[in-house]
$ cat entry-v8.cif   # mmCIF, C-alpha atoms and all ligand atoms
data_my_file
#
loop_
_atom_site.group_PDB
_atom_site.id
_atom_site.type_symbol
_atom_site.label_atom_id
_atom_site.label_comp_id
_atom_site.auth_asym_id
_atom_site.auth_seq_id
_atom_site.Cartn_x
_atom_site.Cartn_y
_atom_site.Cartn_z
ATOM 1 C CA MET O 1 41.343 6.272 68.017
ATOM 2 C CA ALA O 2 42.707 9.445 69.707
ATOM 3 C CA HIS O 3 45.947 8.796 71.591
ATOM 4 C CA ARG O 4 45.346 8.425 75.266
ATOM 5 C CA HIS O 5 48.265 8.640 77.670
ATOM 6 C CA VAL O 6 48.935 5.557 79.714
ATOM 7 C CA VAL O 7 48.554 5.818 83.493
ATOM 8 C CA VAL O 8 50.006 3.223 85.841
ATOM 9 C CA ALA O 9 48.539 3.858 89.304
ATOM 10 C CA ILE O 10 50.331 2.452 92.352
ATOM 11 C CA ASP O 11 48.496 2.897 95.651
ATOM 12 C CA GLY O 12 48.991 1.578 99.155
ATOM 13 C CA PRO O 13 49.505 2.489 102.818
ATOM 14 C CA ALA O 14 52.410 4.465 104.343
ATOM 15 C CA ALA O 15 55.905 3.214 103.553
ATOM 16 C CA SER O 16 54.703 0.320 101.425
ATOM 17 C CA GLY O 17 57.448 1.191 98.941
ATOM 18 C CA LYS O 18 55.182 2.948 96.438
ATOM 19 C CA SER O 19 57.422 5.873 95.538
ATOM 20 C CA SER O 20 60.702 4.037 95.047
ATOM 21 C CA THR O 21 58.913 1.264 93.146
ATOM 22 C CA ALA O 22 57.025 3.760 90.977
ATOM 23 C CA GLN O 23 60.238 5.662 90.229
ATOM 24 C CA TRP O 24 61.994 2.496 89.211
ATOM 25 C CA VAL O 25 59.099 1.162 87.117
ATOM 26 C CA ALA O 26 58.871 4.514 85.325
ATOM 27 C CA GLN O 27 62.561 4.376 84.406
ATOM 28 C CA ARG O 28 62.241 0.813 83.141
ATOM 29 C CA ILE O 29 59.295 1.504 80.845
ATOM 30 C CA GLY O 30 60.274 5.052 79.829
ATOM 31 C CA PHE O 31 57.375 6.835 81.561
ATOM 32 C CA ARG O 32 57.532 9.787 83.941
ATOM 33 C CA HIS O 33 57.022 9.297 87.671
ATOM 34 C CA VAL O 34 54.596 11.474 89.646
ATOM 35 C CA ASP O 35 54.573 11.187 93.455
ATOM 36 C CA SER O 36 51.210 12.517 94.669
ATOM 37 C CA GLY O 37 52.322 12.172 98.308
ATOM 38 C CA ALA O 38 55.137 14.643 97.594
ATOM 39 C CA LEU O 39 52.499 17.212 96.597
ATOM 40 C CA TYR O 40 50.627 16.731 99.900
ATOM 41 C CA ARG O 41 53.973 17.029 101.654
ATOM 42 C CA ALA O 42 54.862 20.189 99.696
ATOM 43 C CA ALA O 43 51.537 21.843 100.586
ATOM 44 C CA THR O 44 52.256 20.964 104.233
ATOM 45 C CA ALA O 45 55.812 22.337 104.053
ATOM 46 C CA ALA O 46 54.576 25.550 102.418
ATOM 47 C CA GLN O 47 52.076 26.046 105.256
ATOM 48 C CA LEU O 48 54.681 25.189 107.940
ATOM 49 C CA ARG O 49 56.857 27.991 106.550
ATOM 50 C CA ARG O 50 54.059 30.401 107.423
ATOM 51 C CA SER O 51 52.986 28.967 110.745
ATOM 52 C CA THR O 52 54.060 25.980 112.834
ATOM 53 C CA ASN O 53 51.008 26.161 115.071
ATOM 54 C CA GLU O 54 48.717 23.592 113.479
ATOM 55 C CA SER O 55 45.786 24.359 115.732
ATOM 56 C CA ASN O 56 45.400 27.772 114.038
ATOM 57 C CA TRP O 57 45.491 26.508 110.457
ATOM 58 C CA THR O 58 42.426 27.021 108.325
ATOM 59 C CA GLU O 59 41.670 25.191 105.104
ATOM 60 C CA GLU O 60 41.741 28.506 103.267
ATOM 61 C CA GLN O 61 45.254 29.352 104.506
ATOM 62 C CA VAL O 62 46.631 25.935 103.628
ATOM 63 C CA CYS O 63 45.222 26.109 100.100
ATOM 64 C CA GLU O 64 46.627 29.587 99.683
ATOM 65 C CA ALA O 65 50.035 28.234 100.816
ATOM 66 C CA ALA O 66 49.716 25.342 98.320
ATOM 67 C CA ARG O 67 49.558 27.888 95.506
ATOM 68 C CA HIS O 68 53.258 28.564 96.128
ATOM 69 C CA VAL O 69 53.998 24.992 95.033
ATOM 70 C CA LYS O 70 54.661 24.166 91.379
ATOM 71 C CA LEU O 71 55.095 20.658 89.984
ATOM 72 C CA LEU O 72 57.834 20.723 87.363
ATOM 73 C CA PRO O 73 59.294 17.976 85.163
ATOM 74 C CA ARG O 74 62.799 16.964 86.226
ATOM 75 C CA GLY O 75 64.679 14.074 84.585
ATOM 76 C CA THR O 76 62.295 11.116 84.421
ATOM 77 C CA SER O 77 60.180 12.529 87.225
ATOM 78 C CA PHE O 78 58.285 15.590 88.456
ATOM 79 C CA SER O 79 59.379 17.603 91.494
ATOM 80 C CA PRO O 80 57.365 20.000 93.625
ATOM 81 C CA LEU O 81 59.129 23.331 94.144
ATOM 82 C CA ILE O 82 58.107 25.888 96.778
ATOM 83 C CA ASP O 83 58.568 29.431 95.457
ATOM 84 C CA GLY O 84 60.938 27.987 92.872
ATOM 85 C CA GLU O 85 63.074 26.222 95.478
ATOM 86 C CA ASN O 86 63.892 22.501 95.516
ATOM 87 C CA VAL O 87 62.673 21.105 98.838
ATOM 88 C CA ASP O 88 63.156 17.315 98.580
ATOM 89 C CA ASP O 89 64.859 16.952 102.007
ATOM 90 C CA GLU O 90 62.337 19.169 103.792
ATOM 91 C CA LEU O 91 59.459 17.066 102.408
ATOM 92 C CA ARG O 92 60.724 13.834 103.992
ATOM 93 C CA GLY O 93 61.370 15.497 107.383
ATOM 94 C CA LEU O 94 59.591 14.595 110.625
ATOM 95 C CA GLU O 95 57.700 17.902 110.900
ATOM 96 C CA VAL O 96 56.065 17.484 107.503
ATOM 97 C CA THR O 97 55.314 13.792 108.148
ATOM 98 C CA ARG O 98 53.660 14.708 111.455
ATOM 99 C CA HIS O 99 51.298 17.272 109.891
ATOM 100 C CA VAL O 100 50.659 15.905 106.399
ATOM 101 C CA SER O 101 47.612 13.728 107.197
ATOM 102 C CA ARG O 102 45.718 16.749 108.560
ATOM 103 C CA VAL O 103 46.501 18.715 105.398
ATOM 104 C CA ALA O 104 45.613 15.752 103.157
ATOM 105 C CA ALA O 105 42.163 15.577 104.773
ATOM 106 C CA MET O 106 41.313 19.071 103.437
ATOM 107 C CA GLU O 107 39.036 18.955 100.393
ATOM 108 C CA CYS O 108 40.611 21.940 98.646
ATOM 109 C CA VAL O 109 44.071 20.400 99.024
ATOM 110 C CA ARG O 110 42.863 17.103 97.562
ATOM 111 C CA ALA O 111 41.318 18.919 94.601
ATOM 112 C CA TRP O 112 44.541 20.904 94.093
ATOM 113 C CA VAL O 113 46.741 17.765 94.154
ATOM 114 C CA ASN O 114 44.388 15.895 91.817
ATOM 115 C CA ASP O 115 44.471 18.755 89.294
ATOM 116 C CA ARG O 116 48.294 18.829 89.322
ATOM 117 C CA VAL O 117 48.531 15.070 88.807
ATOM 118 C CA ARG O 118 45.950 15.035 86.005
ATOM 119 C CA GLU O 119 47.789 17.903 84.325
ATOM 120 C CA ALA O 120 50.981 15.816 84.365
ATOM 121 C CA ALA O 121 49.098 12.927 82.723
ATOM 122 C CA ARG O 122 47.817 15.153 79.928
ATOM 123 C CA ASP O 123 51.172 15.305 78.156
ATOM 124 C CA ASN O 124 52.989 12.246 79.497
ATOM 125 C CA ASP O 125 52.662 8.525 80.052
ATOM 126 C CA ILE O 126 53.014 8.360 83.826
ATOM 127 C CA VAL O 127 53.511 6.052 86.761
ATOM 128 C CA VAL O 128 51.787 7.784 89.656
ATOM 129 C CA ASP O 129 51.796 6.694 93.279
ATOM 130 C CA GLY O 130 49.601 7.602 96.209
ATOM 131 C CA ARG O 131 46.553 6.368 98.028
ATOM 132 C CA ASP O 132 43.615 7.081 95.737
ATOM 133 C CA MET O 133 45.215 7.286 92.280
ATOM 134 C CA GLY O 134 43.396 4.184 90.988
ATOM 135 C CA THR O 135 40.071 5.245 92.484
ATOM 136 C CA ALA O 136 39.365 9.000 92.843
ATOM 137 C CA VAL O 137 41.934 10.389 90.412
ATOM 138 C CA PHE O 138 42.337 7.880 87.552
ATOM 139 C CA PRO O 139 39.434 5.421 87.762
ATOM 140 C CA ASP O 140 40.266 4.351 84.181
ATOM 141 C CA ALA O 141 44.041 3.940 84.707
ATOM 142 C CA THR O 142 45.568 1.374 82.364
ATOM 143 C CA VAL O 143 47.170 -0.607 85.187
ATOM 144 C CA LYS O 144 46.315 -0.399 88.889
ATOM 145 C CA VAL O 145 48.433 -1.903 91.609
ATOM 146 C CA PHE O 146 47.844 -1.871 95.357
ATOM 147 C CA LEU O 147 51.008 -2.502 97.360
ATOM 148 C CA VAL O 148 50.804 -3.817 100.898
ATOM 149 C CA ALA O 149 53.353 -5.159 103.376
ATOM 150 C CA ASP O 150 53.450 -6.178 106.991
ATOM 151 C CA PRO O 151 53.726 -3.013 109.206
ATOM 152 C CA TRP O 152 56.895 -4.226 110.966
ATOM 153 C CA GLU O 153 58.601 -4.780 107.605
ATOM 154 C CA ARG O 154 57.402 -1.398 106.309
ATOM 155 C CA ALA O 155 58.819 0.284 109.430
ATOM 156 C CA ARG O 156 62.118 -1.570 109.073
ATOM 157 C CA ARG O 157 62.499 -0.503 105.426
ATOM 158 C CA ARG O 158 61.624 3.127 106.148
ATOM 159 C CA LEU O 159 64.257 3.244 108.931
ATOM 160 C CA VAL O 160 66.940 1.667 106.743
ATOM 161 C CA GLN O 161 66.161 4.387 104.194
ATOM 162 C CA GLN O 162 66.273 7.165 106.815
ATOM 163 C CA LEU O 163 69.194 5.979 108.970
ATOM 164 C CA GLY O 164 71.304 4.232 106.340
ATOM 165 C CA ARG O 165 71.870 1.274 108.722
ATOM 166 C CA SER O 166 69.964 -1.708 110.144
ATOM 167 C CA PRO O 167 67.649 -0.515 112.925
ATOM 168 C CA VAL O 168 67.341 -2.357 116.246
ATOM 169 C CA ASP O 169 64.022 -3.920 117.321
ATOM 170 C CA GLU O 170 63.126 -1.043 119.696
ATOM 171 C CA GLU O 171 63.490 1.453 116.864
ATOM 172 C CA ILE O 172 61.382 -0.686 114.547
ATOM 173 C CA ALA O 173 58.697 -1.054 117.218
ATOM 174 C CA GLU O 174 58.496 2.737 117.669
ATOM 175 C CA GLU O 175 58.351 3.389 113.927
ATOM 176 C CA THR O 176 55.696 0.660 113.510
ATOM 177 C CA GLY O 177 53.560 2.537 116.045
ATOM 178 C CA ARG O 178 53.912 5.790 114.096
ATOM 179 C CA LEU O 179 53.105 4.101 110.777
ATOM 180 C CA VAL O 180 50.035 2.347 112.108
ATOM 181 C CA GLN O 181 48.784 5.657 113.523
ATOM 182 C CA ARG O 182 49.312 7.390 110.163
ATOM 183 C CA ASP O 183 47.541 4.478 108.388
ATOM 184 C CA ALA O 184 44.559 5.065 110.681
ATOM 185 C CA ARG O 185 44.500 8.813 109.969
ATOM 186 C CA ASP O 186 44.782 8.167 106.201
ATOM 187 C CA ALA O 187 42.340 5.251 106.158
ATOM 188 C CA THR O 188 39.454 7.025 104.437
ATOM 189 C CA GLN O 189 41.589 8.092 101.493
ATOM 190 C CA THR O 190 43.526 4.834 101.125
ATOM 191 C CA VAL O 191 41.297 2.810 98.862
ATOM 192 C CA GLN O 192 42.047 -0.307 96.878
ATOM 193 C CA ALA O 193 40.301 -0.153 93.506
ATOM 194 C CA LYS O 194 38.190 -3.226 92.709
ATOM 195 C CA ASP O 195 40.258 -3.792 89.575
ATOM 196 C CA ALA O 196 43.650 -3.234 91.252
ATOM 197 C CA ILE O 197 46.169 -6.025 91.471
ATOM 198 C CA LEU O 198 47.217 -6.618 95.053
ATOM 199 C CA ILE O 199 50.920 -7.216 95.624
ATOM 200 C CA ASP O 200 52.123 -8.094 99.108
ATOM 201 C CA THR O 201 55.784 -7.078 99.171
ATOM 202 C CA THR O 202 56.615 -8.371 102.670
ATOM 203 C CA PHE O 203 58.745 -11.184 101.262
ATOM 204 C CA LEU O 204 59.682 -9.603 97.934
ATOM 205 C CA THR O 205 62.840 -7.698 97.108
ATOM 206 C CA GLN O 206 62.521 -4.293 95.495
ATOM 207 C CA GLU O 207 63.726 -5.818 92.193
ATOM 208 C CA GLU O 208 61.039 -8.518 92.342
ATOM 209 C CA GLN O 209 58.206 -6.065 92.930
ATOM 210 C CA VAL O 210 59.454 -3.797 90.148
ATOM 211 C CA GLU O 211 59.698 -6.805 87.788
ATOM 212 C CA ARG O 212 56.124 -7.839 88.549
ATOM 213 C CA ILE O 213 54.719 -4.407 87.809
ATOM 214 C CA VAL O 214 56.792 -3.963 84.647
ATOM 215 C CA ALA O 215 55.531 -7.369 83.459
ATOM 216 C CA LEU O 216 51.934 -6.352 84.212
ATOM 217 C CA VAL O 217 52.278 -3.082 82.317
ATOM 218 C CA ARG O 218 53.807 -4.855 79.336
ATOM 219 C CA ALA O 219 51.076 -7.508 79.329
ATOM 220 C CA VAL O 220 48.277 -4.961 79.537
ATOM 221 C CA THR O 221 49.682 -2.453 77.045
ATOM 222 C CA GLN O 222 50.439 -5.210 74.523
ATOM 223 C CA ARG O 223 46.924 -6.522 74.959
ATOM 224 C CA GLU O 224 45.583 -2.981 74.396
ATOM 225 C CA ASP O 225 47.724 -2.600 71.257
ATOM 226 C CA THR O 226 46.393 -5.905 69.878
ATOM 227 C CA THR O 227 42.816 -4.931 70.637
ATOM 228 C CA SER O 228 43.091 -1.567 68.887
ATOM 229 C CA ALA O 229 44.784 -3.239 65.868
ATOM 230 C CA VAL O 230 41.853 -5.660 65.658
ATOM 231 C CA ASP O 231 39.419 -2.738 66.010
ATOM 232 C CA ASP O 232 41.231 -0.860 63.237
ATOM 233 C CA ASP O 233 41.224 -3.939 60.965
ATOM 234 C CA SER O 234 37.526 -4.361 61.321
ATOM 235 C CA GLY O 235 37.349 -0.783 59.907
ATOM 236 C CA PRO O 236 34.246 0.860 58.489
ATOM 237 C CA GLY O 237 31.846 -1.317 56.523
HETATM 238 O O1 LIG O 301 55.777 7.592 101.473
HETATM 239 P P1 LIG O 301 54.661 7.567 102.494
HETATM 240 O O2 LIG O 301 53.718 6.437 102.239
HETATM 241 O O3 LIG O 301 55.152 7.660 103.888
HETATM 242 O O4 LIG O 301 53.804 8.861 102.345
HETATM 243 P P2 LIG O 301 53.534 9.720 101.069
HETATM 244 O O5 LIG O 301 53.143 8.872 99.906
HETATM 245 O O6 LIG O 301 54.683 10.651 100.895
HETATM 246 O O7 LIG O 301 52.232 10.532 101.516
HETATM 247 C C1 LIG O 301 52.282 11.444 102.588
HETATM 248 C C2 LIG O 301 50.865 11.692 103.075
HETATM 249 O O8 LIG O 301 50.097 12.312 102.024
HETATM 250 C C3 LIG O 301 50.061 10.480 103.496
HETATM 251 O O9 LIG O 301 50.290 10.146 104.840
HETATM 252 C C4 LIG O 301 48.624 10.934 103.239
HETATM 253 O O10 LIG O 301 48.145 11.683 104.326
HETATM 254 C C5 LIG O 301 48.743 11.876 102.071
HETATM 255 N N1 LIG O 301 48.377 11.300 100.779
HETATM 256 C C6 LIG O 301 47.035 11.234 100.439
HETATM 257 O O11 LIG O 301 46.176 11.545 101.267
HETATM 258 N N2 LIG O 301 46.644 10.820 99.206
HETATM 259 C C7 LIG O 301 47.565 10.472 98.295
HETATM 260 N N3 LIG O 301 47.159 10.107 97.071
HETATM 261 C C8 LIG O 301 48.940 10.515 98.608
HETATM 262 C C9 LIG O 301 49.317 10.926 99.870
#

$ encode --input "entry-v8.cif" --output "structure tokens"
Amino acid sequence: MAHRHVVVAIDGPAASGKSSTAQWVAQRIGFRHVDSGALYRAATAAQLRRSTNESNWTEEQVCEAARHVKLLPRGTSFSPLIDGENVDDELRGLEVTRHVSRVAAMECVRAWVNDRVREAARDNDIVVDGRDMGTAVFPDATVKVFLVADPWERARRRLVQQLGRSPVDEEIAEETGRLVQRDARDATQTVQAKDAILIDTTFLTQEEQVERIVALVRAVTQREDTTSAVDDDSGPG
């Protein structure tokens, strides 16, 4: 049987912990991590460098701006660069977060991101996170996980990450509002695959959710190995 690269697809709504979990899982199992959201963010950042006035943006311009973004392997991961420049901090900024859903709704941007992610999977076993990785992009992914968590808890975690301290309730309430709004704007592209395993992380630690996914990947890949060994044994004739 021709070797097929393994894809672990982790999807879920905003700030459900997909990227950090995917990064961690990838390190544990020796795969590379691909963050599809970072590509949408990079396309948005590239367009914001040209014009900050969103009302004038056309789909054509945004896709032309996206061509300045390259996805390159770095360590155990892949990073989007804009004109060769590392832009990790810019991608997580408020401006990009505010505009990214509009950009992600553009068909040509979705096609561009999907091509980049599939390219990465051609030569690597990957853990990829996003919203439609287990449905539109890799419908035959080896393992599919859909991560959810209570919006208040998602907001709290995102703020701890951003502020580096425990947020107060008013801050969490405000961030919850922003997250719920972004969930609504992203709703059409956030799809749980029928064969995805749902993990609610509201009451799980990061270590626990990583452990669960690593265990799932090991169970499924071992099962696949056994099946192909049986297939091979049955051989011709
Ligand atoms: O980390 P967070 O959940 O806040 O967002 P992200 O994964 O960095 O994704 C940023 C934005 O990209 C989302 O709000 C979606 O609009 C878009 N996105 C998408 O449409 N499809 C994906 N597969 C991944 C991200």

$ closest_residue --input "entry-v8.cif" --among "O:Val113, O:Val214, O:Ala196, O:Ala26" --to "Arg67 (chain O)" --atoms "all atoms listed in the file"
O:Val113

$ atom_distance --input "entry-v8.cif" --atom1 "CA of Thr221 (chain O)" --atom2 "CA of Asp200 (chain O)"
22.9 Å

$ residues_near_ligand --input "entry-v8.cif" --ligand "ligand LIG 301 (chain O)" --cutoff "6 Å" --atoms "only C-alpha atoms and all ligand atoms" --output "VMD selection string"
chain O and resid 13 to 15 36 to 38 40 to 41 100 to 101 104 130 to 133 186 189

$ atom_distance --input "entry-v8.cif" --atom1 "CA of Gln222 (chain O)" --atom2 "CA of Thr142 (chain O)"
11.3 Å

$ atom_distance --input "entry-v8.cif" --atom1 "CA of Val220 (chain O)" --atom2 "CA of Pro73 (chain O)"
26.1 Å

$ resolve_selection --input "entry-v8.cif" --expression "the PyMOL selection byres (((chain O and resi 95) around 12) and not hetatm)" --output "list of chain:residue names"
O:Arg41, O:Ala42, O:Thr44, O:Ala45, O:Ala46, O:Gln47, O:Leu48, O:Arg49, O:Thr52, O:Asn53, O:Glu54, O:Asp89, O:Glu90, O:Leu91, O:Arg92, O:Gly93, O:Leu94, O:Val96, O:Thr97, O:Arg98, O:His99, O:Val100, O:Ser101

$ write_last_selection --input "entry-v8.cif" --atoms "C-alpha atoms" --output "short mmCIF file (atom, residue, chain, number, x, y, z; two decimals), in the frame of the given file"
data_model
loop_
_atom_site.label_atom_id
_atom_site.label_comp_id
_atom_site.auth_asym_id
_atom_site.auth_seq_id
_atom_site.Cartn_x
_atom_site.Cartn_y
_atom_site.Cartn_z
CA ARG O 41 53.97 17.03 101.65
CA ALA O 42 54.86 20.19 99.70
CA THR O 44 52.26 20.96 104.23
CA ALA O 45 55.81 22.34 104.05
CA ALA O 46 54.58 25.55 102.42
CA GLN O 47 52.08 26.05 105.26
CA LEU O 48 54.68 25.19 107.94
CA ARG O 49 56.86 27.99 106.55
CA THR O 52 54.06 25.98 112.83
CA ASN O 53 51.01 26.16 115.07
CA GLU O 54 48.72 23.59 113.48
CA ASP O 89 64.86 16.95 102.01
CA GLU O 90 62.34 19.17 103.79
CA LEU O 91 59.46 17.07 102.41
CA ARG O 92 60.72 13.83 103.99
CA GLY O 93 61.37 15.50 107.38
CA LEU O 94 59.59 14.60 110.62
CA VAL O 96 56.06 17.48 107.50
CA THR O 97 55.31 13.79 108.15
CA ARG O 98 53.66 14.71 111.46
CA HIS O 99 51.30 17.27 109.89
CA VAL O 100 50.66 15.90 106.40
CA SER O 101 47.61 13.73 107.20
#

$ resolve_selection --input "entry-v8.cif" --expression "the PyMOL selection byres (((chain O and resi 201) around 7) and not hetatm)" --output "ChimeraX atom specification"
/O:147-149,199-200,202-204,209

$ axis_aligned_box --input "entry-v8.cif" --around "region 86-101 of chain O" --padding-each-side "5 Å" --output "lines of an AutoDock Vina configuration file"
center_x = 56.2
center_y = 18.1
center_z = 103.5
size_x = 27.2
size_y = 18.8
size_z = 25.9

$ closest_residue --input "entry-v8.cif" --among "O:Val34, O:Leu39, O:Leu81, O:Val6" --to "Ser20 (chain O)" --atoms "only C-alpha atoms"
O:Val34

$ closest_residue --input "entry-v8.cif" --among "O:Leu163, O:Val109, O:Val117, O:Ala9" --to "Leu71 (chain O)" --atoms "all atoms listed in the file"
O:Val117
